[in-house]
>>> print(open('coords.txt').read())   # compact mmCIF, C-alpha atoms
# COMPACT_ATOMS: atom_id res chain seq x y z
CA MET A 1 -24.08 -47.81 45.95
CA ASN A 2 -24.74 -50.35 43.21
CA GLN A 3 -22.25 -51.91 40.78
CA TYR A 4 -23.02 -49.48 37.95
CA GLN A 5 -22.34 -46.45 40.16
CA LEU A 6 -19.10 -47.99 41.41
CA LEU A 7 -17.96 -48.60 37.82
CA LYS A 8 -18.85 -45.05 36.85
CA LEU A 9 -16.99 -43.66 39.86
CA ALA A 10 -13.94 -45.82 39.09
CA LYS A 11 -13.86 -44.53 35.49
CA ARG A 12 -14.08 -40.94 36.68
CA VAL A 13 -11.32 -41.45 39.25
CA GLY A 14 -9.16 -43.14 36.63
CA LEU A 15 -9.72 -40.26 34.19
CA TYR A 16 -8.76 -37.65 36.77
CA ALA A 17 -5.72 -39.71 37.79
CA LEU A 18 -4.61 -39.91 34.15
CA ILE A 19 -5.07 -36.16 33.74
CA ALA A 20 -3.02 -35.56 36.90
CA VAL A 21 -0.20 -37.81 35.62
CA VAL A 22 -0.13 -36.01 32.25
CA MET A 23 -0.10 -32.59 33.93
CA VAL A 24 2.73 -33.57 36.26
CA TYR A 25 4.69 -35.05 33.35
CA ALA A 26 4.24 -31.87 31.29
CA ILE A 27 4.62 -29.21 33.99
CA PHE A 28 7.18 -30.69 36.37
CA PRO A 29 10.27 -30.10 34.12
CA PHE A 30 9.39 -26.42 33.80
CA TYR A 31 8.66 -26.18 37.53
CA TYR A 32 11.99 -27.77 38.40
CA ALA A 33 13.77 -25.41 36.00
CA VAL A 34 12.19 -22.45 37.80
CA ILE A 35 13.22 -23.58 41.29
CA THR A 36 16.71 -24.49 40.01
CA SER A 37 17.12 -21.00 38.58
CA LEU A 38 16.31 -19.54 42.00
CA LYS A 39 18.96 -21.56 43.85
CA PRO A 40 22.50 -20.38 44.63
CA SER A 41 25.37 -22.30 43.06
CA SER A 42 26.11 -24.15 46.31
CA GLU A 43 22.63 -25.78 46.30
CA LEU A 44 22.24 -26.66 42.61
CA PHE A 45 23.02 -30.35 43.04
CA ARG A 46 20.84 -30.79 46.09
CA VAL A 47 17.55 -32.43 45.07
CA ASP A 48 14.79 -30.29 46.57
CA PHE A 49 11.25 -29.96 45.26
CA TRP A 50 10.53 -26.83 47.32
CA LEU A 51 12.46 -23.63 47.75
CA SER A 52 13.78 -22.84 51.20
CA SER A 53 14.98 -19.42 50.03
CA VAL A 54 14.96 -17.36 46.86
CA ASP A 55 18.21 -16.34 45.21
CA VAL A 56 18.09 -14.18 42.05
CA SER A 57 21.85 -14.12 41.48
CA ASN A 58 21.49 -16.33 38.39
CA TYR A 59 19.11 -13.83 36.79
CA VAL A 60 21.39 -10.95 37.70
CA GLN A 61 24.30 -12.80 36.10
CA ILE A 62 22.59 -13.40 32.75
CA PHE A 63 21.17 -9.89 32.47
CA THR A 64 24.54 -8.34 33.17
CA GLN A 65 25.84 -10.10 30.05
CA LYS A 66 25.40 -7.77 27.12
CA SER A 67 25.46 -10.69 24.68
CA PHE A 68 22.37 -12.28 26.27
CA VAL A 69 20.41 -9.02 26.31
CA ARG A 70 21.40 -8.46 22.70
CA ALA A 71 20.27 -12.00 21.84
CA ILE A 72 16.82 -11.28 23.32
CA PHE A 73 16.55 -8.15 21.20
CA ASN A 74 17.61 -10.10 18.10
CA SER A 75 15.04 -12.81 18.76
CA ILE A 76 12.26 -10.25 19.23
CA LEU A 77 13.23 -8.40 16.05
CA ILE A 78 13.50 -11.55 13.94
CA SER A 79 10.36 -13.22 15.32
CA VAL A 80 8.16 -10.14 14.90
CA SER A 81 9.50 -9.59 11.38
CA VAL A 82 8.77 -13.21 10.45
CA VAL A 83 5.21 -12.92 11.78
CA VAL A 84 4.53 -9.69 9.87
CA ILE A 85 5.95 -11.01 6.58
CA ALA A 86 4.30 -14.43 6.91
CA LEU A 87 0.88 -12.92 7.66
CA LEU A 88 1.16 -10.34 4.87
CA LEU A 89 2.13 -12.94 2.27
CA GLY A 90 -0.19 -15.54 3.76
CA ILE A 91 -3.32 -13.39 3.66
CA THR A 92 -2.79 -12.44 0.02
CA ALA A 93 -1.91 -16.00 -0.99
CA SER A 94 -4.92 -17.37 0.87
CA TYR A 95 -7.20 -14.98 -1.03
CA ALA A 96 -5.82 -16.22 -4.35
CA LEU A 97 -6.02 -19.88 -3.34
CA GLY A 98 -9.30 -19.68 -1.47
CA ARG A 99 -11.40 -17.30 -3.56
CA VAL A 100 -9.95 -17.29 -7.07
CA ARG A 101 -10.69 -20.27 -9.29
CA PHE A 102 -7.82 -21.29 -11.56
CA ARG A 103 -6.42 -24.49 -13.00
CA GLY A 104 -3.94 -26.26 -10.77
CA ARG A 105 -5.13 -24.74 -7.50
CA ALA A 106 -5.28 -28.12 -5.78
CA THR A 107 -1.78 -28.92 -7.01
CA VAL A 108 -0.48 -25.66 -5.57
CA MET A 109 -2.07 -26.45 -2.19
CA LEU A 110 -0.57 -29.93 -2.15
CA THR A 111 2.82 -28.47 -3.06
CA ILE A 112 2.58 -26.00 -0.18
CA LEU A 113 1.68 -28.82 2.19
CA GLY A 114 4.55 -30.94 0.87
CA VAL A 115 7.07 -28.14 1.35
CA SER A 116 6.08 -27.81 5.00
CA MET A 117 7.02 -31.48 5.57
CA PHE A 118 10.69 -31.07 4.65
CA PRO A 119 12.99 -31.26 7.69
CA GLN A 120 15.31 -28.32 8.24
CA VAL A 121 18.47 -30.36 7.94
CA ALA A 122 17.46 -31.50 4.43
CA VAL A 123 17.67 -27.97 3.02
CA LEU A 124 20.39 -26.60 5.29
CA SER A 125 23.27 -26.77 2.81
CA GLY A 126 21.27 -25.33 -0.10
CA LEU A 127 19.80 -22.56 2.01
CA PHE A 128 23.26 -21.72 3.31
CA GLU A 129 24.46 -21.17 -0.26
CA VAL A 130 21.47 -18.94 -0.99
CA ILE A 131 22.05 -16.83 2.11
CA ARG A 132 25.75 -16.51 1.35
CA ALA A 133 24.98 -15.51 -2.26
CA LEU A 134 22.57 -12.83 -1.00
CA ASN A 135 25.23 -11.58 1.44
CA LEU A 136 22.93 -12.26 4.40
CA TYR A 137 25.29 -14.46 6.41
CA ASN A 138 25.64 -13.29 10.03
CA ASN A 139 22.76 -10.91 9.41
CA PRO A 140 19.20 -10.87 10.82
CA GLY A 141 17.92 -10.83 7.25
CA GLY A 142 19.26 -14.33 6.68
CA LEU A 143 17.34 -15.72 9.66
CA ILE A 144 14.20 -13.80 8.71
CA LEU A 145 14.38 -15.26 5.19
CA SER A 146 14.96 -18.83 6.36
CA TYR A 147 12.29 -18.70 9.07
CA THR A 148 9.74 -17.21 6.69
CA ILE A 149 10.35 -20.01 4.20
CA PHE A 150 9.41 -22.60 6.83
CA THR A 151 6.52 -20.74 8.49
CA LEU A 152 4.82 -19.50 5.33
CA PRO A 153 3.44 -22.88 4.10
CA PHE A 154 1.60 -23.51 7.37
CA THR A 155 0.36 -19.92 7.44
CA VAL A 156 -0.97 -20.13 3.88
CA TRP A 157 -2.62 -23.49 4.53
CA VAL A 158 -4.51 -22.38 7.67
CA LEU A 159 -5.54 -19.00 6.27
CA THR A 160 -6.72 -20.57 2.99
CA THR A 161 -8.87 -23.07 4.86
CA PHE A 162 -10.39 -20.23 6.86
CA MET A 163 -10.81 -18.00 3.79
CA ARG A 164 -12.84 -20.64 1.96
CA GLN A 165 -15.45 -20.66 4.73
CA LEU A 166 -16.25 -16.94 4.49
CA PRO A 167 -19.60 -16.20 2.80
CA MET A 168 -19.37 -15.49 -0.91
CA GLU A 169 -22.03 -12.80 -0.50
CA LEU A 170 -19.54 -10.55 1.32
CA GLU A 171 -17.15 -10.59 -1.62
CA GLU A 172 -19.95 -10.09 -4.15
CA ALA A 173 -21.27 -7.07 -2.23
CA ALA A 174 -17.77 -5.57 -2.11
CA ILE A 175 -17.33 -6.08 -5.87
CA MET A 176 -20.69 -4.46 -6.53
CA ASP A 177 -19.51 -1.44 -4.53
CA GLY A 178 -16.42 -1.20 -6.74
CA ALA A 179 -13.90 -2.55 -4.23
CA THR A 180 -10.57 -3.79 -5.55
CA PRO A 181 -9.23 -7.20 -4.39
CA TRP A 182 -6.88 -5.48 -1.95
CA VAL A 183 -9.71 -3.43 -0.46
CA THR A 184 -11.82 -6.59 -0.23
CA ILE A 185 -9.03 -8.35 1.66
CA THR A 186 -8.23 -5.53 4.08
CA LYS A 187 -11.69 -4.06 4.67
CA VAL A 188 -14.00 -7.08 4.35
CA PHE A 189 -12.10 -10.30 5.05
CA LEU A 190 -9.37 -9.14 7.42
CA PRO A 191 -11.68 -8.22 10.35
CA LEU A 192 -13.23 -11.71 10.12
CA MET A 193 -9.93 -13.59 10.04
CA TRP A 194 -8.46 -12.55 13.39
CA PRO A 195 -8.84 -16.01 14.99
CA ALA A 196 -6.90 -17.68 12.18
CA MET A 197 -4.35 -14.86 12.03
CA ALA A 198 -3.81 -14.98 15.79
CA THR A 199 -3.21 -18.72 15.55
CA THR A 200 -0.79 -18.63 12.65
CA GLY A 201 0.96 -15.51 13.91
CA LEU A 202 1.54 -16.93 17.39
CA LEU A 203 2.76 -20.29 16.07
CA ALA A 204 5.08 -18.54 13.62
CA PHE A 205 6.42 -16.41 16.47
CA ILE A 206 7.05 -19.47 18.65
CA ALA A 207 8.76 -21.32 15.80
CA ALA A 208 11.05 -18.37 15.08
CA TRP A 209 11.72 -17.71 18.77
CA ASN A 210 12.73 -21.31 19.53
CA GLU A 211 14.59 -22.16 16.32
CA PHE A 212 18.16 -23.30 16.91
CA LEU A 213 19.69 -25.01 13.85
CA PHE A 214 19.50 -22.10 11.40
CA ALA A 215 20.40 -19.58 14.10
CA LEU A 216 23.54 -21.56 14.93
CA THR A 217 24.51 -22.09 11.28
CA PHE A 218 23.77 -18.66 9.81
CA THR A 219 25.26 -16.50 12.58
CA LEU A 220 28.85 -16.09 13.68
CA THR A 221 29.19 -13.29 16.23
CA ASP A 222 27.53 -12.74 19.60
CA ASP A 223 25.83 -9.52 18.51
CA GLN A 224 23.87 -11.38 15.80
CA ARG A 225 22.92 -14.57 17.65
CA THR A 226 19.43 -15.35 18.94
CA VAL A 227 18.35 -16.55 22.37
CA PRO A 228 18.50 -20.35 21.85
CA VAL A 229 22.09 -20.13 20.60
CA ALA A 230 23.03 -17.69 23.36
CA ILE A 231 21.73 -20.14 25.98
CA ALA A 232 23.63 -23.04 24.41
CA LEU A 233 26.85 -21.01 24.51
CA ILE A 234 26.63 -19.98 28.16
CA SER A 235 29.86 -21.17 29.73
CA GLY A 236 31.18 -21.50 33.25
CA GLY A 237 34.31 -20.25 34.91
CA SER A 238 36.35 -23.19 33.57
CA GLN A 239 36.09 -25.94 30.98
CA HIS A 240 34.95 -28.37 33.68
CA GLU A 241 32.11 -26.20 34.98
CA LEU A 242 28.60 -26.32 33.51
CA PRO A 243 26.63 -23.33 34.86
CA TRP A 244 23.23 -24.93 35.38
CA GLY A 245 21.91 -21.99 37.38
CA PRO A 246 22.39 -19.32 34.67
CA ILE A 247 21.26 -21.77 31.98
CA MET A 248 18.02 -22.46 33.83
CA ALA A 249 17.51 -18.75 34.53
CA ALA A 250 17.98 -17.94 30.85
CA SER A 251 15.63 -20.75 29.82
CA VAL A 252 12.92 -19.58 32.20
CA THR A 253 13.36 -15.99 31.03
CA VAL A 254 12.72 -16.86 27.39
CA THR A 255 9.98 -19.42 28.10
CA VAL A 256 7.71 -17.43 30.41
CA PRO A 257 6.67 -14.88 27.72
CA LEU A 258 5.62 -17.74 25.41
CA VAL A 259 3.61 -19.39 28.17
CA ILE A 260 1.84 -16.11 28.89
CA LEU A 261 1.07 -15.54 25.19
CA VAL A 262 -0.36 -19.04 24.80
CA MET A 263 -2.52 -18.64 27.91
CA ILE A 264 -3.87 -15.32 26.65
CA PHE A 265 -4.59 -16.50 23.11
CA GLN A 266 -5.45 -20.15 23.79
CA ARG A 267 -9.09 -19.77 22.76
CA ARG A 268 -8.14 -18.04 19.53
CA ILE A 269 -5.55 -20.74 18.84
CA VAL A 270 -8.16 -23.49 19.18
CA SER A 271 -10.77 -21.64 17.12
CA GLY A 272 -8.19 -20.81 14.45
CA LEU A 273 -6.90 -24.38 14.15
CA THR A 274 -10.42 -25.80 13.96
CA ALA A 275 -11.63 -23.17 11.45
CA GLY A 276 -12.99 -24.90 8.41
CA ALA A 277 -13.04 -28.31 10.07
CA VAL A 278 -16.85 -28.34 10.07
CA LYS A 279 -18.54 -26.89 7.05
CA GLY A 280 -21.81 -25.11 7.42
>>> encode(input="coords.txt", output="structure tokens")
Amino acid sequence: MNQYQLLKLAKRVGLYALIAVVMVYAIFPFYYAVITSLKPSSELFRVDFWLSSVDVSNYVQIFTQKSFVRAIFNSILISVSVVVIALLLGITASYALGRVRFRGRATVMLTILGVSMFPQVAVLSGLFEVIRALNLYNNPGGLILSYTIFTLPFTVWVLTTFMRQLPMELEEAAIMDGATPWVTITKVFLPLMWPAMATTGLLAFIAAWNEFLFALTFTLTDDQRTVPVAIALISGGSQHELPWGPIMAASVTVTVPLVILVMIFQRRIVSGLTAGAVKG
């Protein structure tokens, strides 16, 4: 084996080693959370990287708490509502911004992009006053409104970029057939935009599912809280006890569905995010 082949082999080995390190760094915390959730309380502080036995008592404990089950239902309701509203408003806004020529369109797009850069804490006090004025405090509607405000700019931006790449001939043929703009959107463009819609919808769902600051601020009672807040409020038998087992079980319970969704739609996510990146 000559020097060139040795160098090529060393580069390949180094690349695979780097990939292995990144995978371990990314996956190990979730793996350790899973095995911790399957340990009894007496073994939680014993450092083991393999399970000697499986104990589901932590999962039984969290699912016997009505507040946690209710929090899961609230998160599903709010996240799905945010996705539906964001996609409905995003697809119509993307048609206006991507297909209709009007003065100030670039300014509107830059404004949308700028709004998406604001941190949540910067608008927390003002949004709290709005939600209180609308009588949406401690109500799912308040979280749906606040989450939609933060997910809509990204949704509009991605869908507009995708919309601009659709052939103009499709729209012209629909207009010649007497189609209204709404019919053009739903019957012509919508079937072609599933990759972008799957991307934006899934990312909006994840953002709403994992959001903590607004959920903690805009809710007060257990029956209105979402999963992240419910996990943070899990308490032990005394003020000195931190129930790591139930916390890990709850975390795994709410994370696994997201991992499955991402694995199922990973190709659509990539194709949706890269839509419009290469013109032609």
>>> residues_around(input="coords.txt", residues="region 189-198 of chain A", least_positions_apart="2", cutoff="12 Å", atoms="all atoms listed in the file", output="PyMOL selection string")
chain A and resi 83-84+86-92+94-95+98-99+154-171+174+181-187+200-205+261-262+264-276
>>> atom_distance(input="coords.txt", atom1="CA of Val54 (chain A)", atom2="CA of Leu38 (chain A)")
5.5 Å
>>> closest_residue(input="coords.txt", among="A:Trp50, A:Phe102, A:Trp209, A:Tyr25", to="Thr226 (chain A)", atoms="all atoms listed in the file")
A:Trp209
>>> atom_distance(input="coords.txt", atom1="CA of Gly245 (chain A)", atom2="CA of Arg225 (chain A)")
21.1 Å
>>> closest_residue(input="coords.txt", among="A:Asp223, A:Leu77, A:Thr255, A:Pro153", to="Met109 (chain A)", atoms="all atoms listed in the file")
A:Pro153
>>> closest_residue(input="coords.txt", among="A:Tyr59, A:Phe49, A:Tyr16, A:Phe68", to="Ser37 (chain A)", atoms="all atoms listed in the file")
A:Tyr59
>>> residues_near_point(input="coords.txt", point="(22.4, -9.3, 19.5)", cutoff="9 Å", atoms="only C-alpha atoms", output="mmCIF file with C-alpha atoms, in the coordinates of the input")
data_model
loop_
_atom_site.group_PDB
_atom_site.id
_atom_site.type_symbol
_atom_site.label_atom_id
_atom_site.label_comp_id
_atom_site.auth_asym_id
_atom_site.auth_seq_id
_atom_site.Cartn_x
_atom_site.Cartn_y
_atom_site.Cartn_z
ATOM 1 C CA LYS A 66 25.400 -7.770 27.120
ATOM 2 C CA SER A 67 25.460 -10.690 24.680
ATOM 3 C CA PHE A 68 22.370 -12.280 26.270
ATOM 4 C CA VAL A 69 20.410 -9.020 26.310
ATOM 5 C CA ARG A 70 21.400 -8.460 22.700
ATOM 6 C CA ALA A 71 20.270 -12.000 21.840
ATOM 7 C CA ILE A 72 16.820 -11.280 23.320
ATOM 8 C CA PHE A 73 16.550 -8.150 21.200
ATOM 9 C CA ASN A 74 17.610 -10.100 18.100
ATOM 10 C CA SER A 75 15.040 -12.810 18.760
ATOM 11 C CA THR A 221 29.190 -13.290 16.230
ATOM 12 C CA ASP A 222 27.530 -12.740 19.600
ATOM 13 C CA ASP A 223 25.830 -9.520 18.510
ATOM 14 C CA GLN A 224 23.870 -11.380 15.800
ATOM 15 C CA ARG A 225 22.920 -14.570 17.650
ATOM 16 C CA THR A 226 19.430 -15.350 18.940
ATOM 17 C CA VAL A 227 18.350 -16.550 22.370
#
>>> atom_distance(input="coords.txt", atom1="CA of Leu258 (chain A)", atom2="CA of Asn210 (chain A)")
9.9 Å
